[in-house]
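Down below is the structure, laid out as structure tokens.
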Amino acid sequence: HPKQEFLGKKVLITSGPTQEALDPVRFISNHSSGKMGAALADSFASQGAEVHLILGKGAKKPQHASIQIHSVTSAAEMYEAAANLHPQADIAVFAAAVADYAPKHVAEEKIKKAGEAMTIELVKNVDIAYSLGKEKRHHQIHVGFALETENEEFHAKEKLGKKNFDLIVLNSMREEGAGFQKDTNKVRIFSEDGSEANSEVLPKEKIAGLILERIKKLPVKI
Ligand code: PMT
């Protein structure tokens, strides 16, 4: 049995994709499987934490029976669930792939095929991590992810600051065995104090373990 180093701590994790409806049968989404979030949830639970996992549709479920699952569909629903749980959370980990935009109008009936081209107007979604980052108190820890395709380090460090994260976990779409859907990941973890840790390609369970180790090293007293 692993040490119960998060015993009594409340952990909020967002995981999986969001779905933004276009009409009753279609949506905009992404390739997130929820594997990274499930691995994190199980890691925290195995070390004694009370885990609340906010799960997008179709995302992988964790194994630990103690984990409380909050199922959501859209980014707006994910935000609502996260905002409700956040005041009680000691640690929040934002592993979900959240749609940045959603269709402005959701058609009540199935959109009919018409001309050769069509345009869909999108409006910005709430940024869950940014919004809760503004509410973060001195005894709370926020961990974000960055999924990048270019200028990875620059974008990750920019998000670390902008979203008020204590740690950001960078996974690149350019790395083999990393990112969406895979059972493995390869990450660089940047800390708010400027330190960095890198991993090899490892099972997501092992990556989750590394992230928990970095959290334990933070100066924040939760
Ligand atoms: O689910 P898997 O298939 O296992 O894949 C794992 C993963 C690749 C989805 C995961 O490791 C990951 O990188 N998650 C974040 C993906 C992402 O959308 O990153 P981003 O760079 O767009 O967002 C930056 C951070 O802000 C993330 O912590 C994200 O959860 C958060 N965010 C983004 C937009 C938004 N509207 N709300 C948010 O909270």
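In the structure tokens, each chain is lettered A, B, ... as it comes, each chain's residues begin at 1, and ligands are numbered from 1 in order of appearance.
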Distance limit 7 Å, reference ligand 1, atoms considered: only C-alpha atoms and all ligand atoms. Which residues make the cut? Give them as number ranges by chain. A: 14-16, 31-37, 75, 94-100, 125-130, 144-148, 159, 170-171, 179-182
Quick one: DSSP strand (DSSP E or B) residues in stretch 88-186 of chain A, as a ChimeraX atom specification? /A:91-94,97,101-103,122-124,141-148,167-172,184-185
Atoms to include: C-alpha atoms. Write the selected residues as a JSON list (two decimals), in the first residue's frame.
[["chain", "number", "residue", "atom", "x", "y", "z"],
["A", 91, "ILE", "CA", -5.84, 20.66, -4.79],
["A", 92, "ALA", "CA", -7.36, 21.20, -8.24],
["A", 93, "VAL", "CA", -5.96, 19.46, -11.31],
["A", 94, "PHE", "CA", -7.20, 20.58, -14.72],
["A", 97, "ALA", "CA", -9.53, 19.07, -22.79],
["A", 101, "TYR", "CA", -15.57, 27.83, -28.22],
["A", 102, "ALA", "CA", -19.14, 26.61, -28.51],
["A", 103, "PRO", "CA", -21.82, 27.15, -31.19],
["A", 122, "LEU", "CA", -18.91, 30.15, -32.29],
["A", 123, "VAL", "CA", -18.66, 32.06, -29.02],
["A", 124, "LYS", "CA", -15.98, 31.79, -26.38],
["A", 141, "ILE", "CA", -2.77, 24.21, -5.17],
["A", 142, "HIS", "CA", -3.66, 24.37, -8.85],
["A", 143, "VAL", "CA", -2.10, 22.09, -11.45],
["A", 144, "GLY", "CA", -2.75, 22.68, -15.12],
["A", 145, "PHE", "CA", -1.93, 20.87, -18.34],
["A", 146, "ALA", "CA", -0.78, 22.27, -21.66],
["A", 147, "LEU", "CA", -1.32, 20.35, -24.86],
["A", 148, "GLU", "CA", 0.75, 22.03, -27.54],
["A", 167, "LEU", "CA", 2.55, 23.55, -11.73],
["A", 168, "ILE", "CA", 1.89, 23.00, -15.39],
["A", 169, "VAL", "CA", 2.30, 19.65, -17.12],
["A", 170, "LEU", "CA", 3.30, 20.02, -20.77],
["A", 171, "ASN", "CA", 2.52, 17.21, -23.18],
["A", 172, "SER", "CA", 3.34, 17.70, -26.81],
["A", 184, "THR", "CA", 1.57, 6.50, -22.09],
["A", 185, "ASN", "CA", 2.66, 10.09, -21.85]]
Atom CA of A:Lys163 to atom CA of A:Ala59, straight-line distance in Å: 24.1 Å
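Note that the spacing between atom CA of A:Ile211 and atom CA of A:Glu175 amounts to 18.6 Å.
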Looking at A:His105, A:Lys110, A:Lys134, A:Arg174, which one is nearest to A:Val187, with distances taken over only C-alpha atoms? A:Arg174
Apply DSSP to the backbone of this structure and, from stretch 127-182 of chain A, keep only the residues in helix (DSSP H, G or I); write these as number ranges by chain. A: 128-135, 152-162
